[in-house]
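The structure under discussion appears below in the form of structure tokens.
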Amino acid sequence: MLRIGIDLGGSKIELIALDDAGRVLLRRRCPTPQGDYRGTLRTVSGLIEAAESELGESGSVGIGVPGAESTVDGRIKNANSTCLIGEALREDLQVLLRREIRLANDANCFALSEAIDGAGEGAEVVFGVILGTGVGGGIVVNQGVLNGANSIAGEWGHNPLPRPQEESLPPPCCYCGRFGCVETWLSGPALCADHLRHGGEALAAEQICAAAATGDLNCEQTLARYERRLAKALAQVVNILDPQVIVLGGGLSNIQRLYDAVPRLWARHVFSDVIRTRLLRNVHGDSSGVRGAAWLWNER
């Protein structure tokens, strides 16, 4: 069975085609039409049609999106690609492609990919975390995505950071309209903004990490704050979900020191004498989301 996955991102649309064993048969990328819903539909359908023509067969289609489908009318909600909000994305693509498609939040796709043949392979419960431009999460139980009653399972990025009284500044405003969301402290832009607020320079996350490794005190303190905040936020997940594995994805998952520091720091916040949850780096990198979209057809 040919499985086609689409990662519908804010800046790029990626396609991958997998065989039954998860081998990559084809991969394509193109820019996302900015603010153009109809253009986005045409681009996605065009990618799929071209891939199937090149491979000489039709396949199942799964799509990962930066949002979720409303349980009321199936239209997209909670998307940071705002041109998708309120649109019947699944229905419109099914008309264009003349077949059923499966659609899931991009963080759910990331978690599914890592649970099937990535860092969380063999684990009963996997929590997948995206630490990038935004902060997302997905839950996979026995290799199946948990969507939840409101289609928001895993959306830990829009809970408030625990114990905000420890922070020296007022909680930042989030695009969702709330203040002090985990995303406003732990996304890539939030890391850079925090460094600047505490008297540092305007540096990219990669520059902050590189400078900390060479002994820059301001950058070291910025990363130490980030680690403490990430530990507190993930401790809440452990207390509620108790997963065997937490897998980090997104650009900040490349900060190697997180995998030692955060489990050491979260111990004081987790309600258990022993913590067996493992914090792991993803296996499939920035392809994990698109692979998970293809694997949506592996679910019952």
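Identifiers for the structure tokens are assigned positionally: chains receive A, B, ... in sequence, residues are indexed from 1 per chain, and ligands are indexed from 1 in the order shown.
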
Need the shell around stretch 216-230 of chain A: protein/DNA/RNA residues with any atom at most 9 Å away, counting only C-alpha atoms. Skip same-chain ones fewer than 4 positions apart. Format as a ChimeraX atom specification?
/A:161-162,182,185-186,191-192,194-195,198-200,207-212,234-235,257-258,261-262,265-266

Can I get the selection written as a PDB file, in the first residue's frame, with C-alpha atoms?
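As written to disk, result-v6.pdb reads:
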ATOM      1  CA  LEU A 161       3.401  28.064  32.711  1.00  0.00           C
ATOM      2  CA  PRO A 162       3.288  26.561  36.243  1.00  0.00           C
ATOM      3  CA  VAL A 182       3.733  27.762  27.843  1.00  0.00           C
ATOM      4  CA  TRP A 185       8.030  30.996  27.339  1.00  0.00           C
ATOM      5  CA  LEU A 186       9.261  27.943  25.430  1.00  0.00           C
ATOM      6  CA  LEU A 191      13.791  31.995  24.018  1.00  0.00           C
ATOM      7  CA  CYS A 192      15.269  34.857  21.981  1.00  0.00           C
ATOM      8  CA  ASP A 194      13.731  36.201  27.025  1.00  0.00           C
ATOM      9  CA  HIS A 195      17.441  36.609  26.340  1.00  0.00           C
ATOM     10  CA  HIS A 198      17.299  39.998  30.562  1.00  0.00           C
ATOM     11  CA  GLY A 199      19.901  42.318  29.117  1.00  0.00           C
ATOM     12  CA  GLY A 200      21.290  40.175  26.343  1.00  0.00           C
ATOM     13  CA  GLN A 207      23.759  31.794  18.554  1.00  0.00           C
ATOM     14  CA  ILE A 208      22.627  31.723  22.185  1.00  0.00           C
ATOM     15  CA  CYS A 209      23.464  28.020  22.434  1.00  0.00           C
ATOM     16  CA  ALA A 210      26.841  28.434  20.756  1.00  0.00           C
ATOM     17  CA  ALA A 211      27.798  31.353  23.005  1.00  0.00           C
ATOM     18  CA  ALA A 212      26.710  29.466  26.139  1.00  0.00           C
ATOM     19  CA  LEU A 234       6.703  18.834  31.191  1.00  0.00           C
ATOM     20  CA  ALA A 235       6.309  17.758  34.818  1.00  0.00           C
ATOM     21  CA  ARG A 257      21.875  19.687  27.002  1.00  0.00           C
ATOM     22  CA  LEU A 258      18.076  19.584  27.449  1.00  0.00           C
ATOM     23  CA  ALA A 261      19.141  18.918  32.442  1.00  0.00           C
ATOM     24  CA  VAL A 262      15.357  18.707  32.124  1.00  0.00           C
ATOM     25  CA  LEU A 265      15.074  19.410  37.083  1.00  0.00           C
ATOM     26  CA  TRP A 266      11.584  17.952  36.655  1.00  0.00           C
TER      27      TRP A 266
END

Proximity check stretch 241-272 of chain A to stretch 132-154 of chain A, 7 Å, nearest pairs one decimal Å, only C-alpha atoms, as a Markdown table:
| residue | atom | partner | partner_atom | distance |
| --- | --- | --- | --- | --- |
| A:Gly250 | CA | A:Gly132 | CA | 4.6 |
| A:Gly251 | CA | A:Gly132 | CA | 5.2 |
| A:Leu252 | CA | A:Gly132 | CA | 6.1 |

Members of stretch 97-248 of chain A assigned strand (DSSP E or B) by DSSP, as a ChimeraX atom specification
/A:102-105,125-131,135-141,144-145,160,173,179,181,245-248

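One distance worth recording is that between atom CA of A:Glu49 and atom CA of A:Ala107, which is 25.3 Å.
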
Within 6 Å of stretch 7-21 of chain A, counting only C-alpha atoms, which residues show up once you throw out same-chain ones fewer than 4 positions away? Write them as an MDAnalysis selection string, please.
chainID A and resid 1:3 25:32 64:65 81 290

All heavy atoms of the current selection, written as a CSV table (one decimal), in the first residue's frame:
chain,number,residue,atom,x,y,z
A,1,MET,N,0.8,-1.2,0.0
A,1,MET,CA,0.0,0.0,0.0
A,1,MET,C,0.9,1.2,0.0
A,1,MET,O,1.7,1.4,0.8
A,1,MET,CB,-0.9,0.0,1.2
A,1,MET,CG,-1.8,1.2,1.4
A,1,MET,SD,-2.8,1.2,2.8
A,1,MET,CE,-3.6,2.8,2.7
A,2,LEU,N,0.7,2.1,-1.0
A,2,LEU,CA,1.4,3.4,-1.0
A,2,LEU,C,0.7,4.4,-0.1
A,2,LEU,O,-0.5,4.6,-0.2
A,2,LEU,CB,1.3,3.9,-2.5
A,2,LEU,CG,1.9,5.3,-2.7
A,2,LEU,CD1,3.5,5.3,-2.5
A,2,LEU,CD2,1.6,5.8,-4.1
A,3,ARG,N,1.5,5.0,0.8
A,3,ARG,CA,1.0,5.9,1.7
A,3,ARG,C,1.6,7.3,1.4
A,3,ARG,O,2.8,7.4,1.5
A,3,ARG,CB,1.3,5.5,3.2
A,3,ARG,CG,0.6,4.3,3.7
A,3,ARG,CD,1.1,3.9,5.1
A,3,ARG,NE,0.4,2.9,5.7
A,3,ARG,CZ,0.6,1.6,5.5
A,3,ARG,NH1,1.6,1.2,4.6
A,3,ARG,NH2,-0.1,0.6,6.1
A,25,LEU,N,9.8,6.5,-0.8
A,25,LEU,CA,9.8,6.3,-2.2
A,25,LEU,C,10.0,7.7,-3.0
A,25,LEU,O,10.6,7.7,-4.1
A,25,LEU,CB,8.5,5.7,-2.7
A,25,LEU,CG,8.2,4.3,-2.0
A,25,LEU,CD1,6.8,3.8,-2.5
A,25,LEU,CD2,9.3,3.3,-2.3
A,26,LEU,N,9.5,8.7,-2.4
A,26,LEU,CA,9.6,10.0,-3.0
A,26,LEU,C,9.4,11.1,-2.0
A,26,LEU,O,8.6,10.9,-1.0
A,26,LEU,CB,8.5,10.1,-4.1
A,26,LEU,CG,8.4,11.3,-5.0
A,26,LEU,CD1,8.0,10.9,-6.4
A,26,LEU,CD2,7.4,12.3,-4.4
A,27,ARG,N,10.0,12.2,-2.2
A,27,ARG,CA,9.8,13.4,-1.3
A,27,ARG,C,9.9,14.7,-2.1
A,27,ARG,O,10.7,14.8,-3.0
A,27,ARG,CB,11.0,13.4,-0.3
A,27,ARG,CG,10.8,14.5,0.8
A,27,ARG,CD,12.1,14.7,1.6
A,27,ARG,NE,12.6,13.4,2.1
A,27,ARG,CZ,12.3,12.9,3.3
A,27,ARG,NH1,11.5,13.6,4.1
A,27,ARG,NH2,12.9,11.8,3.7
A,28,ARG,N,8.9,15.6,-1.9
A,28,ARG,CA,8.9,16.8,-2.6
A,28,ARG,C,8.5,18.0,-1.6
A,28,ARG,O,7.8,17.7,-0.6
A,28,ARG,CB,7.8,16.8,-3.7
A,28,ARG,CG,8.1,15.8,-4.8
A,28,ARG,CD,9.3,16.3,-5.7
A,28,ARG,NE,9.5,15.4,-6.8
A,28,ARG,CZ,10.4,14.3,-6.8
A,28,ARG,NH1,11.1,14.1,-5.6
A,28,ARG,NH2,10.5,13.6,-7.8
A,29,ARG,N,9.0,19.2,-1.9
A,29,ARG,CA,8.7,20.4,-1.1
A,29,ARG,C,8.4,21.5,-2.0
A,29,ARG,O,9.0,21.6,-3.1
A,29,ARG,CB,9.8,20.8,-0.1
A,29,ARG,CG,10.0,19.9,1.1
A,29,ARG,CD,11.1,20.5,2.0
A,29,ARG,NE,11.3,19.7,3.2
A,29,ARG,CZ,12.1,20.0,4.2
A,29,ARG,NH1,12.7,21.2,4.1
A,29,ARG,NH2,12.2,19.3,5.2
A,30,CYS,N,7.5,22.4,-1.5
A,30,CYS,CA,7.3,23.7,-2.3
A,30,CYS,C,6.8,24.7,-1.3
A,30,CYS,O,6.3,24.4,-0.2
A,30,CYS,CB,6.3,23.5,-3.4
A,30,CYS,SG,4.6,23.1,-2.9
A,31,PRO,N,6.9,26.0,-1.6
A,31,PRO,CA,6.5,27.1,-0.7
A,31,PRO,C,4.9,27.0,-0.6
A,31,PRO,O,4.2,26.7,-1.5
A,31,PRO,CB,6.9,28.3,-1.4
A,31,PRO,CG,7.9,27.9,-2.4
A,31,PRO,CD,7.6,26.5,-2.8
A,32,THR,N,4.5,27.4,0.6
A,32,THR,CA,3.1,27.5,0.9
A,32,THR,C,2.6,28.9,0.3
A,32,THR,O,3.2,29.9,0.6
A,32,THR,CB,2.8,27.5,2.4
A,32,THR,OG1,3.3,26.3,2.9
A,32,THR,CG2,1.3,27.6,2.7
A,64,GLY,N,-1.2,16.5,7.7
A,64,GLY,CA,-0.9,17.2,9.0
A,64,GLY,C,-1.1,18.7,8.8
A,64,GLY,O,-0.5,19.3,7.9
A,65,VAL,N,-1.9,19.3,9.7
A,65,VAL,CA,-2.2,20.7,9.6
A,65,VAL,C,-1.8,21.4,10.9
A,65,VAL,O,-1.9,20.8,12.0
A,65,VAL,CB,-3.6,21.0,9.3
A,65,VAL,CG1,-4.0,20.4,7.9
A,65,VAL,CG2,-4.6,20.4,10.3
A,81,SER,N,-1.7,29.2,10.9
A,81,SER,CA,-1.9,29.6,9.5
A,81,SER,C,-3.3,30.0,9.3
A,81,SER,O,-4.2,29.3,9.0
A,81,SER,CB,-1.6,28.4,8.5
A,81,SER,OG,-0.2,28.0,8.6
A,290,VAL,N,5.6,14.8,8.5
A,290,VAL,CA,5.1,14.4,7.2
A,290,VAL,C,5.0,12.8,7.2
A,290,VAL,O,4.1,12.2,6.6
A,290,VAL,CB,5.9,14.9,6.0
A,290,VAL,CG1,7.3,14.3,5.9
A,290,VAL,CG2,5.1,14.8,4.7

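Using only C-alpha atoms, the nearest neighbour of A:Leu241 within the list A:Glu201, A:Asp273, A:Glu87, A:Glu124 is A:Glu124.
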
Distance atom CA of A:Glu91-atom CA of A:Pro66, one decimal place?
16.8 Å

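For the atom pair formed by atom CA of A:Glu114 and atom CA of A:Val126, the distance is 8.2 Å, given to one decimal.
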
Set the distance at 10 Å and use only C-alpha atoms: which residues neighbour A:Ile48 once local chain neighbours fewer than 2 positions away are removed? I'd like the list as a ChimeraX atom specification.
/A:4-6,15-17,28,43-46,50-54,58-59,61,97

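Closest to A:Ala233 among A:Leu296, A:Cys174, A:Val129, A:Ala202 is A:Val129, based on only C-alpha atoms.
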
If you run DSSP over the backbone, which residues in stretch 38-235 of chain A end up helix (DSSP H, G or I)? Put them as a PyMOL selection string.
chain A and resi 38-55+82-84+89-97+106-117+156-158+164-166+182-186+188-197+205-213+217-235

Which residues are near A:Cys109? Cut-off 6 Å, only C-alpha atoms, ignore same chain within fewer than 4 positions. Put them as a list in words.
Gly289, Gly292 and Ala293 of chain A
